[in-house]
Amino acid sequence: MISQVLFGEHFEIFEKAEGWYRVKLAYDHYEGWITNSQIEPIDLVEYGKLNKEQTCVSVDLVQIMIHENSLFSIVLGSSMPHFKDHTCRLGKTAYRFEGNVKCPEKLSATRGIVENAYMFLHSPYLWGGRTPFGIDCSGFTQMVYKLAGIRLRRDAWQQAEQGSLIHLIDESRQGDLAFFDNEEGSIVHVGIILPNNQVIHASGKVRIDSLDHHGIFNSETKKYTHNLRLIKRFV
């Protein structure tokens, strides 16, 4: 698994093979394979409308979606296309949703980003994951920012190419993203800066550690676990 498609996210289909579709997500242009049983076809007109529409998202950890007489669960950060009066629509299919939905503005407060991050605290690490039941480092930052109405790309190195560069850690503020590299100089990790020289990031689980100009210091092992490369601001 390289990533996850959440409810309501739309994509293009490029290839079909034995019950699988190769798709590219409109949200972050990530490509991968998905089973044909997990899609709801829409036409190009609808696809264009979704590309222009502000993304409303579910903000409950888990909530029930209703379609006719069927019930199924969706997770935090799922998209709600054409959401109005507790109803969203995928193509011609309507879904009833009684949970909490947020249609975020792009200029959200940095405090909102930190509050979103705490919703994922202690979520287990899962390569390719994007939900509170399993998430990786860049999936974590992407989903936290999605809840604030800010679109990030999927991988840490891709996110490092976005935003405005902050030259000194003393100039950083809560909600900025800190990026970390390996011995070869490649960006391999990302976390969200918190107040009081701390960072929240997905490493084993979503956890809070200390941060300084060297990198992330794990208070449990008493060791540095990640080397700080750069800091970017998005708000």
# chains A, B, ... in the order shown; residues from 1 in each chain; ligands from 1

call {"tool": "select_by_dssp", "arguments": {"residues": "region 11-191 of chain A", "states": "strand (DSSP E)", "output": "PyMOL selection string"}}
result
chain A and resi 11-17+20-25+31-35+57-58+62-67+70-75+87-90+93-97+101-102+130-131+134-135+164-166+177-181+187-191

call {"tool": "closest_atom_pairs", "arguments": {"of": "region 147-200 of chain A", "to": "region 13-29 of chain A", "cutoff": "7 Å", "atoms": "only C-alpha atoms", "output": "JSON lines"}}
result
{"residue": "A:Leu152", "atom": "CA", "partner": "A:Asp28", "partner_atom": "CA", "distance": 6.9}
{"residue": "A:Arg153", "atom": "CA", "partner": "A:Asp28", "partner_atom": "CA", "distance": 4.9}
{"residue": "A:Arg154", "atom": "CA", "partner": "A:Asp28", "partner_atom": "CA", "distance": 6.1}

call {"tool": "residues_around", "arguments": {"residues": "Asp155 (chain A)", "least_positions_apart": "4", "cutoff": "8 Å", "atoms": "only C-alpha atoms", "output": "list of chain:residue names"}}
result
A:Ser138, A:Gly139, A:Gln159

call {"tool": "write_last_selection", "arguments": {"atoms": "C-alpha atoms", "output": "mmCIF file, in the first residue's frame"}}
result
data_model
loop_
_atom_site.group_PDB
_atom_site.id
_atom_site.type_symbol
_atom_site.label_atom_id
_atom_site.label_comp_id
_atom_site.auth_asym_id
_atom_site.auth_seq_id
_atom_site.Cartn_x
_atom_site.Cartn_y
_atom_site.Cartn_z
ATOM 1 C CA SER A 138 3.384 12.796 5.375
ATOM 2 C CA GLY A 139 -0.140 11.349 5.436
ATOM 3 C CA GLN A 159 5.588 18.828 0.650
#

call {"tool": "closest_atom_pairs", "arguments": {"of": "region 104-186 of chain A", "to": "region 56-72 of chain A", "cutoff": "12 Å", "atoms": "only C-alpha atoms", "output": "tab-separated table"}}
result
residue	atom	partner	partner_atom	distance
A:Pro104	CA	A:Cys56	CA	6.7
A:Glu105	CA	A:Cys56	CA	9.7
A:Lys106	CA	A:Cys56	CA	11.7
A:Glu115	CA	A:Val59	CA	11.6
A:Asn116	CA	A:Val59	CA	9.1
A:Tyr118	CA	A:Leu61	CA	11.8
A:Met119	CA	A:Leu61	CA	8.0
A:Phe120	CA	A:Leu61	CA	8.9
A:Leu121	CA	A:Leu61	CA	11.7
A:Ser123	CA	A:Leu61	CA	11.2
A:Thr131	CA	A:Leu61	CA	9.0
A:Pro132	CA	A:Leu61	CA	7.4
A:Phe133	CA	A:Leu61	CA	9.5
A:Met143	CA	A:Val57	CA	10.3
A:Val144	CA	A:Val59	CA	10.7
A:Tyr145	CA	A:Val57	CA	11.4
A:Lys146	CA	A:Val57	CA	8.2
A:Leu147	CA	A:Val57	CA	6.7
A:Ala148	CA	A:Val57	CA	9.5
A:Gly149	CA	A:Cys56	CA	8.4
A:Ile150	CA	A:Cys56	CA	11.7

call {"tool": "write_last_selection", "arguments": {"atoms": "C-alpha atoms", "output": "mmCIF file, in the first residue's frame"}}
result
data_model
loop_
_atom_site.group_PDB
_atom_site.id
_atom_site.type_symbol
_atom_site.label_atom_id
_atom_site.label_comp_id
_atom_site.auth_asym_id
_atom_site.auth_seq_id
_atom_site.Cartn_x
_atom_site.Cartn_y
_atom_site.Cartn_z
ATOM 1 C CA PRO A 104 -12.711 25.158 5.824
ATOM 2 C CA GLU A 105 -11.412 28.464 4.540
ATOM 3 C CA LYS A 106 -7.852 28.481 3.277
ATOM 4 C CA GLU A 115 -5.840 21.402 17.199
ATOM 5 C CA ASN A 116 -6.304 19.199 14.123
ATOM 6 C CA TYR A 118 -3.940 16.552 18.325
ATOM 7 C CA MET A 119 -6.929 14.634 16.930
ATOM 8 C CA PHE A 120 -4.454 12.084 15.510
ATOM 9 C CA LEU A 121 -2.310 11.788 18.659
ATOM 10 C CA SER A 123 -2.570 6.895 16.044
ATOM 11 C CA THR A 131 -6.475 7.800 8.847
ATOM 12 C CA PRO A 132 -6.411 7.815 12.668
ATOM 13 C CA PHE A 133 -6.348 3.993 12.510
ATOM 14 C CA MET A 143 -4.633 15.255 6.550
ATOM 15 C CA VAL A 144 -4.071 17.824 9.308
ATOM 16 C CA TYR A 145 -3.725 20.533 6.675
ATOM 17 C CA LYS A 146 -6.675 19.166 4.683
ATOM 18 C CA LEU A 147 -8.848 19.745 7.754
ATOM 19 C CA ALA A 148 -7.648 23.369 7.674
ATOM 20 C CA GLY A 149 -8.456 23.784 3.985
ATOM 21 C CA ILE A 150 -4.824 23.758 2.829
#

call {"tool": "closest_residue", "arguments": {"among": "A:Ile231, A:Ile187, A:Cys137, A:Ala117", "to": "Gly163 (chain A)", "atoms": "only C-alpha atoms"}}
result
A:Ile231

call {"tool": "residues_around", "arguments": {"residues": "region 208-222 of chain A", "least_positions_apart": "4", "cutoff": "6 Å", "atoms": "only C-alpha atoms", "output": "PDB file with N, CA and C atoms, in the first residue's frame"}}
result
ATOM      1  N   ASN A 197       9.053  24.486  21.723  1.00  0.00           N
ATOM      2  CA  ASN A 197      10.115  23.667  21.125  1.00  0.00           C
ATOM      3  C   ASN A 197       9.746  22.191  21.049  1.00  0.00           C
ATOM      4  N   GLN A 198       8.539  21.932  20.592  1.00  0.00           N
ATOM      5  CA  GLN A 198       8.084  20.556  20.423  1.00  0.00           C
ATOM      6  C   GLN A 198       7.604  20.339  18.997  1.00  0.00           C
ATOM      7  N   VAL A 199       7.522  19.072  18.615  1.00  0.00           N
ATOM      8  CA  VAL A 199       7.045  18.693  17.293  1.00  0.00           C
ATOM      9  C   VAL A 199       6.127  17.485  17.447  1.00  0.00           C
ATOM     10  N   ILE A 200       5.029  17.451  16.684  1.00  0.00           N
ATOM     11  CA  ILE A 200       4.150  16.289  16.645  1.00  0.00           C
ATOM     12  C   ILE A 200       4.329  15.632  15.287  1.00  0.00           C
ATOM     13  N   HIS A 226      15.857  12.117  14.263  1.00  0.00           N
ATOM     14  CA  HIS A 226      15.738  12.683  12.918  1.00  0.00           C
ATOM     15  C   HIS A 226      16.549  13.969  12.847  1.00  0.00           C
ATOM     16  N   ASN A 227      17.231  14.182  11.720  1.00  0.00           N
ATOM     17  CA  ASN A 227      18.066  15.360  11.520  1.00  0.00           C
ATOM     18  C   ASN A 227      17.281  16.459  10.806  1.00  0.00           C
ATOM     19  N   LEU A 228      17.205  17.643  11.414  1.00  0.00           N
ATOM     20  CA  LEU A 228      16.443  18.746  10.839  1.00  0.00           C
ATOM     21  C   LEU A 228      17.118  19.253   9.576  1.00  0.00           C
TER      22      LEU A 228
END

call {"tool": "select_by_dssp", "arguments": {"residues": "chain A", "states": "alpha helix (DSSP H)", "output": "JSON, numbers by chain"}}
result
{"A": [44, 45, 46, 47, 48, 49, 50, 51, 52, 110, 111, 112, 113, 114, 115, 116, 117, 118, 137, 138, 139, 140, 141, 142, 143, 144, 145, 146, 156, 157, 158, 159]}

call {"tool": "write_last_selection", "arguments": {"atoms": "N, CA and C atoms", "output": "compact mmCIF listing (two decimals), in the first residue's frame"}}
result
# COMPACT_ATOMS: atom_id res chain seq x y z
N LEU A 44 -17.16 13.54 -16.92
CA LEU A 44 -16.15 14.59 -16.94
C LEU A 44 -16.70 15.92 -16.44
N VAL A 45 -17.97 16.19 -16.69
CA VAL A 45 -18.58 17.43 -16.21
C VAL A 45 -18.57 17.46 -14.68
N GLU A 46 -18.98 16.36 -14.08
CA GLU A 46 -18.99 16.27 -12.62
C GLU A 46 -17.57 16.36 -12.07
N TYR A 47 -16.63 15.71 -12.74
CA TYR A 47 -15.22 15.75 -12.32
C TYR A 47 -14.72 17.20 -12.30
N GLY A 48 -15.07 17.95 -13.33
CA GLY A 48 -14.67 19.35 -13.40
C GLY A 48 -15.28 20.19 -12.29
N LYS A 49 -16.53 19.91 -11.96
CA LYS A 49 -17.20 20.64 -10.88
C LYS A 49 -16.51 20.37 -9.54
N LEU A 50 -16.15 19.11 -9.30
CA LEU A 50 -15.48 18.76 -8.05
C LEU A 50 -14.11 19.42 -7.94
N ASN A 51 -13.44 19.58 -9.07
CA ASN A 51 -12.13 20.23 -9.04
C ASN A 51 -12.23 21.70 -8.63
N LYS A 52 -13.36 22.32 -8.91
CA LYS A 52 -13.55 23.74 -8.60
C LYS A 52 -14.19 23.95 -7.23
N THR A 110 -3.32 29.31 12.62
CA THR A 110 -2.34 28.26 12.88
C THR A 110 -2.74 27.43 14.09
N ARG A 111 -3.46 28.03 15.03
CA ARG A 111 -3.93 27.27 16.18
C ARG A 111 -4.85 26.15 15.75
N GLY A 112 -5.64 26.38 14.68
CA GLY A 112 -6.52 25.34 14.17
C GLY A 112 -5.74 24.15 13.65
N ILE A 113 -4.60 24.39 13.02
CA ILE A 113 -3.77 23.30 12.54
C ILE A 113 -3.28 22.45 13.70
N VAL A 114 -2.84 23.09 14.77
CA VAL A 114 -2.37 22.34 15.93
C VAL A 114 -3.50 21.54 16.56
N GLU A 115 -4.69 22.13 16.65
CA GLU A 115 -5.84 21.40 17.20
C GLU A 115 -6.16 20.19 16.34
N ASN A 116 -6.07 20.34 15.02
CA ASN A 116 -6.30 19.20 14.12
C ASN A 116 -5.28 18.10 14.37
N ALA A 117 -4.03 18.50 14.58
CA ALA A 117 -2.96 17.52 14.78
C ALA A 117 -3.20 16.67 16.02
N TYR A 118 -3.70 17.29 17.09
CA TYR A 118 -3.94 16.55 18.32
C TYR A 118 -5.02 15.49 18.15
N CYS A 137 4.02 9.61 8.17
CA CYS A 137 4.37 10.99 8.56
C CYS A 137 3.79 12.03 7.62
N SER A 138 3.90 11.81 6.32
CA SER A 138 3.38 12.80 5.37
C SER A 138 1.87 12.69 5.21
N GLY A 139 1.31 11.49 5.41
CA GLY A 139 -0.14 11.35 5.44
C GLY A 139 -0.72 12.13 6.61
N PHE A 140 -0.02 12.12 7.72
CA PHE A 140 -0.45 12.87 8.90
C PHE A 140 -0.47 14.37 8.63
N THR A 141 0.61 14.91 8.09
CA THR A 141 0.63 16.36 7.83
C THR A 141 -0.36 16.72 6.74
N GLN A 142 -0.51 15.87 5.73
CA GLN A 142 -1.46 16.17 4.66
C GLN A 142 -2.88 16.24 5.20
N MET A 143 -3.27 15.28 6.04
CA MET A 143 -4.63 15.25 6.55
C MET A 143 -4.89 16.38 7.54
N VAL A 144 -3.91 16.71 8.37
CA VAL A 144 -4.07 17.82 9.31
C VAL A 144 -4.31 19.12 8.54
N TYR A 145 -3.55 19.33 7.48
CA TYR A 145 -3.73 20.53 6.68
C TYR A 145 -5.00 20.48 5.84
N LYS A 146 -5.41 19.28 5.41
CA LYS A 146 -6.68 19.17 4.68
C LYS A 146 -7.83 19.64 5.55
N ALA A 156 6.68 13.45 1.85
CA ALA A 156 7.39 14.49 2.58
C ALA A 156 8.25 15.34 1.66
N TRP A 157 8.97 14.70 0.72
CA TRP A 157 9.85 15.48 -0.16
C TRP A 157 9.03 16.39 -1.09
N GLN A 158 7.82 15.96 -1.44
CA GLN A 158 6.96 16.80 -2.27
C GLN A 158 6.44 17.99 -1.46
N GLN A 159 6.06 17.75 -0.20
CA GLN A 159 5.59 18.83 0.65
C GLN A 159 6.70 19.85 0.91

call {"tool": "closest_atom_pairs", "arguments": {"of": "region 135-195 of chain A", "to": "region 201-206 of chain A", "cutoff": "8 Å", "atoms": "only C-alpha atoms", "output": "JSON lines"}}
result
{"residue": "A:Ile135", "atom": "CA", "partner": "A:Ala202", "partner_atom": "CA", "distance": 7.1}
{"residue": "A:Asp136", "atom": "CA", "partner": "A:Ala202", "partner_atom": "CA", "distance": 5.8}
{"residue": "A:Cys137", "atom": "CA", "partner": "A:Ala202", "partner_atom": "CA", "distance": 4.6}
{"residue": "A:Phe140", "atom": "CA", "partner": "A:Ala202", "partner_atom": "CA", "distance": 6.8}
{"residue": "A:Val190", "atom": "CA", "partner": "A:His201", "partner_atom": "CA", "distance": 6.9}
{"residue": "A:Gly191", "atom": "CA", "partner": "A:His201", "partner_atom": "CA", "distance": 4.4}
{"residue": "A:Ile192", "atom": "CA", "partner": "A:His201", "partner_atom": "CA", "distance": 6.4}

call {"tool": "closest_residue", "arguments": {"among": "A:Val75, A:Ala94, A:Met1, A:Ile193", "to": "Leu177 (chain A)", "atoms": "only C-alpha atoms"}}
result
A:Ile193

call {"tool": "atom_distance", "arguments": {"atom1": "CA of Arg130 (chain A)", "atom2": "CA of Gln4 (chain A)"}}
result
6.1 Å

call {"tool": "atom_distance", "arguments": {"atom1": "CA of Met80 (chain A)", "atom2": "CA of Phe7 (chain A)"}}
result
7.9 Å

call {"tool": "residues_around", "arguments": {"residues": "His167 (chain A)", "least_positions_apart": "3", "cutoff": "10 Å", "atoms": "only C-alpha atoms", "output": "short mmCIF file (atom, residue, chain, number, x, y, z; two decimals) with C-alpha atoms, in the first residue's frame"}}
result
data_model
loop_
_atom_site.label_atom_id
_atom_site.label_comp_id
_atom_site.auth_asym_id
_atom_site.auth_seq_id
_atom_site.Cartn_x
_atom_site.Cartn_y
_atom_site.Cartn_z
CA SER A 164 7.69 29.52 2.26
CA ASP A 170 13.82 30.54 16.29
CA GLU A 171 11.68 32.20 13.59
CA SER A 172 9.32 29.23 13.33
CA LEU A 230 14.43 22.82 6.74
CA ILE A 231 11.23 24.48 7.92
CA LYS A 232 8.34 25.62 5.70
#

call {"tool": "closest_residue", "arguments": {"among": "A:His10, A:Pro124, A:Pro41, A:Val5", "to": "Lys92 (chain A)", "atoms": "only C-alpha atoms"}}
result
A:Pro41

call {"tool": "atom_distance", "arguments": {"atom1": "CA of Gln162 (chain A)", "atom2": "CA of Pro81 (chain A)"}}
result
25.7 Å
